[in-house]
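Visitor: For reference, the structure I am asking about is given below.
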Amino acid sequence: MSPFDPQPLLDGAVLIETTAQLERFLDDIADTDVLGVDTESAGFYRYKATVNLIQVSTRDRAAIIDPQAVKDLSPLRDFPRKSSCEWIFHGAGYDAGALFKFLGLEIPHLFDTRVAAELAGLPELGLGALTERYLGLTLDKKLQRCDWSRRPLTEGMKKYGLLDAICLVPLRDVLRAELTRLQRLSWVEEECAILADNARHRTDPPSEDPFAFVIKGAARLAPRQLAVLKEVWELRDRIARSMDRAPFMVVANQALLEIARQMPRSLAGLAAVSHMSGEFLRRHGKDLQAAIKRGCEAEPIRLPPPDEGRPREPPPTNWEAETTRALREIRDQTAQRLRVAPSLLASGHALFEIARRRPASLEDLRALGEFRNWQLDLLGEAFLACLVRRGPPPAHAGRTRRRRRRSRRSGSEA
């Protein structure tokens, strides 16, 4: 196909900064069949991520919606009730979830170009790679880590944001045609329906995590050092929240770890810590000293074992392990024929569940709760036939022993 030209849409794009503008634009596009949507967040820079920009595109209209300027976004929340269009995302798990979490926007019907590319068996799944492959359009990703809370928006920021939404509509059309040719469109439709449902029922993890301070590298600290780390981490978190800055931009994680290891008591000792900002020490040096002192006087902290709280399953019997391998062969051969990743067809855990619970019918397989309908249509009969061929496990089948690797201490031992 000839290269896609986004310029007409870019030239006619509008910046929406009031509720009245938003309402007029959405009324004008209510009869569209598709709506490409992308969002931008300044979460890399700010204490808490939110939706800082929303870019939308139909086949002939494009706009940037500024949530920082539009005081009432209810016209956007009401739009799904006025239009039956298909919302197009690349990575709907994030964008659709963020639109629901921060704006209360429920999207009933979506198409995810990333999922479509994955199930079409394409080697590269990034938006840039797909637009270059199918649209002949190269996306400039220099502004990917831009601070999207900045105002006013530069022309470069506007163009970057708009292009990500504009290219979604023609990309969706191309991928949909390819999936139809491969007879996999129903697979993607089922996955997208699940994504839409998940976005509407998205729940955040509990905010009170007693071990939130355990950053990468903390597991190697002694209990006393962990107590110090907890205090300085909490101080950084309070300061970052008050500044509305990402915590790692206030003080680097590496600096926190070094403080916990060395436990310096003086400002001179703190100044010697690598990755420590002199400006931060001038403003918060005494608070940091007090946090270190509290950590040194607090109860030492011992981290729970990595697998504590996780339900432990018994190791597989010999029959279950061999059956799982047989099922994996079926899955892998099918994946190779379809040129998709094996994990897309069935997870390793799902295969083990089949071997462990030995379903006798497709309904039994479905009741495991491990498979989509399209996966069962593709592999269900083959999995059941494998179980029939292998027959019931022998009565004497025992559990396999898991070999434990014993660490060898350096040096000679008697």
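Each chain in the structure tokens gets a letter, A, B and so on, in the order shown; residues start at 1 in every chain, and ligands are counted from 1 in the order they appear.
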Which residues are close to region 134-149 of chain A, i.e. within 7 Å by only C-alpha atoms, leaving aside same-chain residues fewer than 5 positions away? Reply as a PyMOL selection string.
Guide: chain A and resi 3-4+40-42+45+52+128
Visitor: Do you know which residues are at most 12 Å from Ser186 (chain A) counting only C-alpha atoms, after dropping those on the same chain fewer than 4 positions away, and could you put them as a PyMOL selection string?
Guide: chain A and resi 111+116+119-120+176+179-182+190-193+372-375+377-378
Visitor: Please report, as a VMD selection string, each residue of region 228-351 of chain A to which DSSP assigns helix (DSSP H, G or I) when run on this structure's backbone.
Guide: chain A and resid 228 to 243 247 to 250 253 to 262 267 to 271 278 to 297 318 to 338 342 to 345 348 to 351
Visitor: Using only C-alpha atoms, determine which residues lie at most 8 Å from region 329-346 of chain A, disregarding the query and same-chain residues fewer than 4 positions distant; provide the list as an mmCIF file with N, CA and C atoms, in the first residue's frame.
Guide:
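Saved as result28.cif:
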data_model
loop_
_atom_site.group_PDB
_atom_site.id
_atom_site.type_symbol
_atom_site.label_atom_id
_atom_site.label_comp_id
_atom_site.auth_asym_id
_atom_site.auth_seq_id
_atom_site.Cartn_x
_atom_site.Cartn_y
_atom_site.Cartn_z
ATOM 1 N N GLU A 118 0.432 -9.173 17.928
ATOM 2 C CA GLU A 118 0.956 -10.358 18.619
ATOM 3 C C GLU A 118 0.279 -11.623 18.108
ATOM 4 N N LEU A 119 -1.047 -11.591 17.980
ATOM 5 C CA LEU A 119 -1.775 -12.785 17.549
ATOM 6 C C LEU A 119 -1.696 -12.996 16.029
ATOM 7 N N ALA A 120 -1.271 -11.973 15.314
ATOM 8 C CA ALA A 120 -0.997 -12.157 13.882
ATOM 9 C C ALA A 120 0.372 -12.780 13.659
ATOM 10 N N GLY A 121 1.159 -12.914 14.734
ATOM 11 C CA GLY A 121 2.471 -13.538 14.629
ATOM 12 C C GLY A 121 3.549 -12.614 14.119
ATOM 13 N N LEU A 122 3.389 -11.298 14.317
ATOM 14 C CA LEU A 122 4.389 -10.348 13.826
ATOM 15 C C LEU A 122 5.602 -10.330 14.749
ATOM 16 N N ARG A 325 4.796 -32.459 29.844
ATOM 17 C CA ARG A 325 5.736 -32.358 28.718
ATOM 18 C C ARG A 325 5.054 -32.703 27.401
ATOM 19 N N ALA A 350 -1.084 -23.568 33.081
ATOM 20 C CA ALA A 350 -2.319 -24.141 32.548
ATOM 21 C C ALA A 350 -2.097 -25.585 32.105
ATOM 22 N N LEU A 351 -0.947 -25.856 31.493
ATOM 23 C CA LEU A 351 -0.645 -27.219 31.057
ATOM 24 C C LEU A 351 -0.534 -28.162 32.256
ATOM 25 N N PHE A 371 -8.180 -20.907 30.275
ATOM 26 C CA PHE A 371 -8.150 -20.774 28.814
ATOM 27 C C PHE A 371 -9.227 -19.830 28.301
ATOM 28 N N GLN A 375 -8.567 -20.305 22.524
ATOM 29 C CA GLN A 375 -7.506 -21.271 22.827
ATOM 30 C C GLN A 375 -8.068 -22.687 22.905
ATOM 31 N N LEU A 379 -6.905 -25.807 20.634
ATOM 32 C CA LEU A 379 -6.097 -26.872 21.228
ATOM 33 C C LEU A 379 -6.872 -27.836 22.120
ATOM 34 N N ALA A 382 -7.084 -31.540 21.034
ATOM 35 C CA ALA A 382 -5.760 -32.169 21.038
ATOM 36 C C ALA A 382 -5.289 -32.458 22.453
ATOM 37 N N PHE A 383 -5.570 -31.555 23.386
ATOM 38 C CA PHE A 383 -5.197 -31.792 24.777
ATOM 39 C C PHE A 383 -5.965 -32.987 25.356
#
Visitor: List the neighbours of Asp237 (chain A) out to 12 Å using only C-alpha atoms; skip same-chain residues closer than 6 positions along the sequence, and give me the result as a list in words.
Guide: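 Near Asp237 (chain A), the qualifying residues are Arg46, Tyr47, Lys48, Ala212, Phe213, Leu229, Lys230, Glu231, Met243, Asp244, Arg245, Ala246, Pro247, Phe248, Met249, Val250, Val251, Ala252, Asn253 and Leu256 of chain A.
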Visitor: Which residues, written as a PyMOL selection string, have at least one atom at most 12 Å from Asp287 (chain A), with only C-alpha atoms counted and residues fewer than 4 positions away on the same chain left out?
Guide: chain A and resi 231-236+238-239+265-267+270+280-283+291-294
Visitor: Keeping only N, CA and C atoms, take the residues you just selected and write them out as a short mmCIF file (atom, residue, chain, number, x, y, z; two decimals), in the first residue's frame.
Guide:
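Result file is again-v2.cif:
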data_model
loop_
_atom_site.label_atom_id
_atom_site.label_comp_id
_atom_site.auth_asym_id
_atom_site.auth_seq_id
_atom_site.Cartn_x
_atom_site.Cartn_y
_atom_site.Cartn_z
N GLU A 231 13.62 4.42 57.25
CA GLU A 231 13.44 5.80 57.72
C GLU A 231 13.80 6.81 56.65
N VAL A 232 14.92 6.61 55.94
CA VAL A 232 15.32 7.61 54.93
C VAL A 232 14.41 7.51 53.71
N TRP A 233 13.92 6.30 53.41
CA TRP A 233 12.97 6.15 52.30
C TRP A 233 11.67 6.89 52.60
N GLU A 234 11.18 6.78 53.83
CA GLU A 234 9.94 7.46 54.21
C GLU A 234 10.12 8.97 54.19
N LEU A 235 11.30 9.45 54.60
CA LEU A 235 11.57 10.88 54.53
C LEU A 235 11.54 11.35 53.08
N ARG A 236 12.23 10.63 52.20
CA ARG A 236 12.22 11.00 50.78
C ARG A 236 10.81 11.00 50.23
N ARG A 238 7.96 11.57 51.78
CA ARG A 238 7.21 12.75 52.26
C ARG A 238 7.62 14.00 51.49
N ILE A 239 8.92 14.15 51.27
CA ILE A 239 9.41 15.32 50.55
C ILE A 239 8.94 15.28 49.10
N ARG A 265 26.62 9.81 60.22
CA ARG A 265 25.94 10.66 61.21
C ARG A 265 26.14 12.15 60.93
N SER A 266 27.22 12.51 60.24
CA SER A 266 27.53 13.93 60.02
C SER A 266 27.13 14.36 58.62
N LEU A 267 26.98 15.68 58.44
CA LEU A 267 26.69 16.22 57.12
C LEU A 267 27.86 15.97 56.16
N LEU A 270 27.45 12.52 54.89
CA LEU A 270 26.36 12.46 53.91
C LEU A 270 26.79 13.07 52.58
N PHE A 280 19.90 19.14 47.94
CA PHE A 280 19.03 18.39 48.85
C PHE A 280 19.60 18.44 50.27
N LEU A 281 20.92 18.29 50.40
CA LEU A 281 21.53 18.32 51.73
C LEU A 281 21.37 19.69 52.39
N ARG A 282 21.49 20.75 51.60
CA ARG A 282 21.32 22.09 52.17
C ARG A 282 19.90 22.28 52.71
N ARG A 283 18.92 21.72 51.99
CA ARG A 283 17.53 21.91 52.40
C ARG A 283 17.09 20.91 53.47
N ALA A 291 16.53 11.11 60.46
CA ALA A 291 15.98 9.84 59.96
C ALA A 291 16.98 8.71 60.17
N ILE A 292 18.26 8.98 59.93
CA ILE A 292 19.29 7.95 60.15
C ILE A 292 19.35 7.58 61.63
N LYS A 293 19.26 8.59 62.49
CA LYS A 293 19.30 8.34 63.94
C LYS A 293 18.10 7.47 64.35
N ARG A 294 16.93 7.78 63.82
CA ARG A 294 15.75 6.97 64.15
C ARG A 294 15.94 5.52 63.71
#
Visitor: Could you name the residues that touch Cys85 (chain A) at 12 Å or less, counting only C-alpha atoms, but leaving out those on the same chain fewer than 6 positions away, as a VMD selection string?
Guide: chain A and resid 26 29 to 37 57 to 59 79 107 to 111 169
Visitor: Rank nothing, just name the residue among A:Lys158, A:Arg114, A:Arg200, A:Lys71 nearest to Phe100 (chain A), using only C-alpha atoms.
Guide: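 Of A:Lys158, A:Arg114, A:Arg200, A:Lys71, the one nearest Phe100 (chain A) is A:Arg200, counting only C-alpha atoms.
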Visitor: Which is closer to Ala98 (chain A) than all the others in A:Val51, A:Leu195, A:Leu365, A:Val14, using only C-alpha atoms?
Guide: A:Val51
Visitor: To one decimal in Å, tell me the separation between CA of Pro304 (chain A) and CA of Val273 (chain A).
Guide: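 Value for the CA of Pro304 (chain A)-CA of Val273 (chain A) distance: 28.6 Å.
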Visitor: When you count only C-alpha atoms, which of these residues is closest to Ala227 (chain A): A:Gly295, A:Cys167, A:Trp87, A:Ala92?
Guide: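 The answer is A:Gly295, which sits nearest to Ala227 (chain A).
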Visitor: Enumerate the residues of region 30-102 of chain A with a DSSP assignment of strand (DSSP E), computed from the backbone, and present them as a list of chain:residue names.
Guide: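 Residues meeting the strand (DSSP E) criterion: A:Val34, A:Leu35, A:Gly36, A:Val37, A:Asp38, A:Thr39, A:Glu40, A:Leu53, A:Ile54, A:Gln55, A:Val56, A:Ser57, A:Ala62, A:Ala63, A:Ile64, A:Ile65, A:Glu86, A:Trp87, A:Ile88, A:Phe89.
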Visitor: One decimal, in Å: what's the spacing between CA of Arg81 (chain A) and CA of Ala199 (chain A)?
Guide: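 Going from CA of Arg81 (chain A) over to CA of Ala199 (chain A), I get 17.0 Å.
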Visitor: Distance CA of Ile194 (chain A)-CA of Glu132 (chain A), one decimal place?
Guide: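 About the pair CA of Ile194 (chain A) and CA of Glu132 (chain A): they are 28.2 Å apart.
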Visitor: Restricting the calculation to only C-alpha atoms: of A:Gly348, A:Pro392, A:Pro264, A:Gly161, which residue gets closest to Ile64 (chain A)?
Guide: A:Gly161
Visitor: Quick one: of A:Met276, A:Gly380, A:Glu320, A:Val388, who's nearest to Arg356 (chain A), counting only C-alpha atoms?
Guide: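 Closest candidate: A:Glu320.
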Visitor: Considering only C-alpha atoms, can you say which of A:His349, A:Arg357, A:Arg302, A:Arg172 comes closest to Phe89 (chain A)?
Guide: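 When distances to Phe89 (chain A) are compared using only C-alpha atoms, the smallest one comes from A:Arg172.
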Visitor: Region 259-368 of chain A near region 217-223 of chain A within 8 Å: what's each residue's closest atom pair and its distance in Å to one decimal, counting only C-alpha atoms, ordered by chain then ascending residue number, as a tab-separated table?
Guide:
residue	atom	partner	partner_atom	distance
A:Ala260	CA	A:Leu221	CA	7.9
A:Arg261	CA	A:Leu221	CA	7.1
A:Pro300	CA	A:Pro223	CA	4.8
A:Ile301	CA	A:Pro223	CA	4.6
A:Arg302	CA	A:Pro223	CA	5.3
A:Leu303	CA	A:Ala219	CA	7.7
Visitor: May I have the residues from that selection written out with N, CA and C atoms, as a PDB file, in the first residue's frame?
Guide:
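For reference, again.pdb as written:
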ATOM      1  N   ALA A 260      22.072   3.691  53.878  1.00  0.00           N
ATOM      2  CA  ALA A 260      21.710   2.578  54.761  1.00  0.00           C
ATOM      3  C   ALA A 260      22.921   1.720  55.084  1.00  0.00           C
ATOM      4  N   ARG A 261      23.812   1.538  54.117  1.00  0.00           N
ATOM      5  CA  ARG A 261      25.004   0.708  54.364  1.00  0.00           C
ATOM      6  C   ARG A 261      25.987   1.424  55.291  1.00  0.00           C
ATOM      7  N   PRO A 300      15.588  -3.660  64.552  1.00  0.00           N
ATOM      8  CA  PRO A 300      16.078  -4.146  63.263  1.00  0.00           C
ATOM      9  C   PRO A 300      14.943  -4.807  62.462  1.00  0.00           C
ATOM     10  N   ILE A 301      15.037  -4.727  61.167  1.00  0.00           N
ATOM     11  CA  ILE A 301      13.983  -5.262  60.292  1.00  0.00           C
ATOM     12  C   ILE A 301      14.500  -6.504  59.579  1.00  0.00           C
ATOM     13  N   ARG A 302      13.737  -7.568  59.689  1.00  0.00           N
ATOM     14  CA  ARG A 302      14.069  -8.796  58.967  1.00  0.00           C
ATOM     15  C   ARG A 302      12.997  -9.042  57.914  1.00  0.00           C
ATOM     16  N   LEU A 303      13.431  -9.202  56.688  1.00  0.00           N
ATOM     17  CA  LEU A 303      12.490  -9.393  55.584  1.00  0.00           C
ATOM     18  C   LEU A 303      11.920 -10.800  55.602  1.00  0.00           C
TER      19      LEU A 303
END
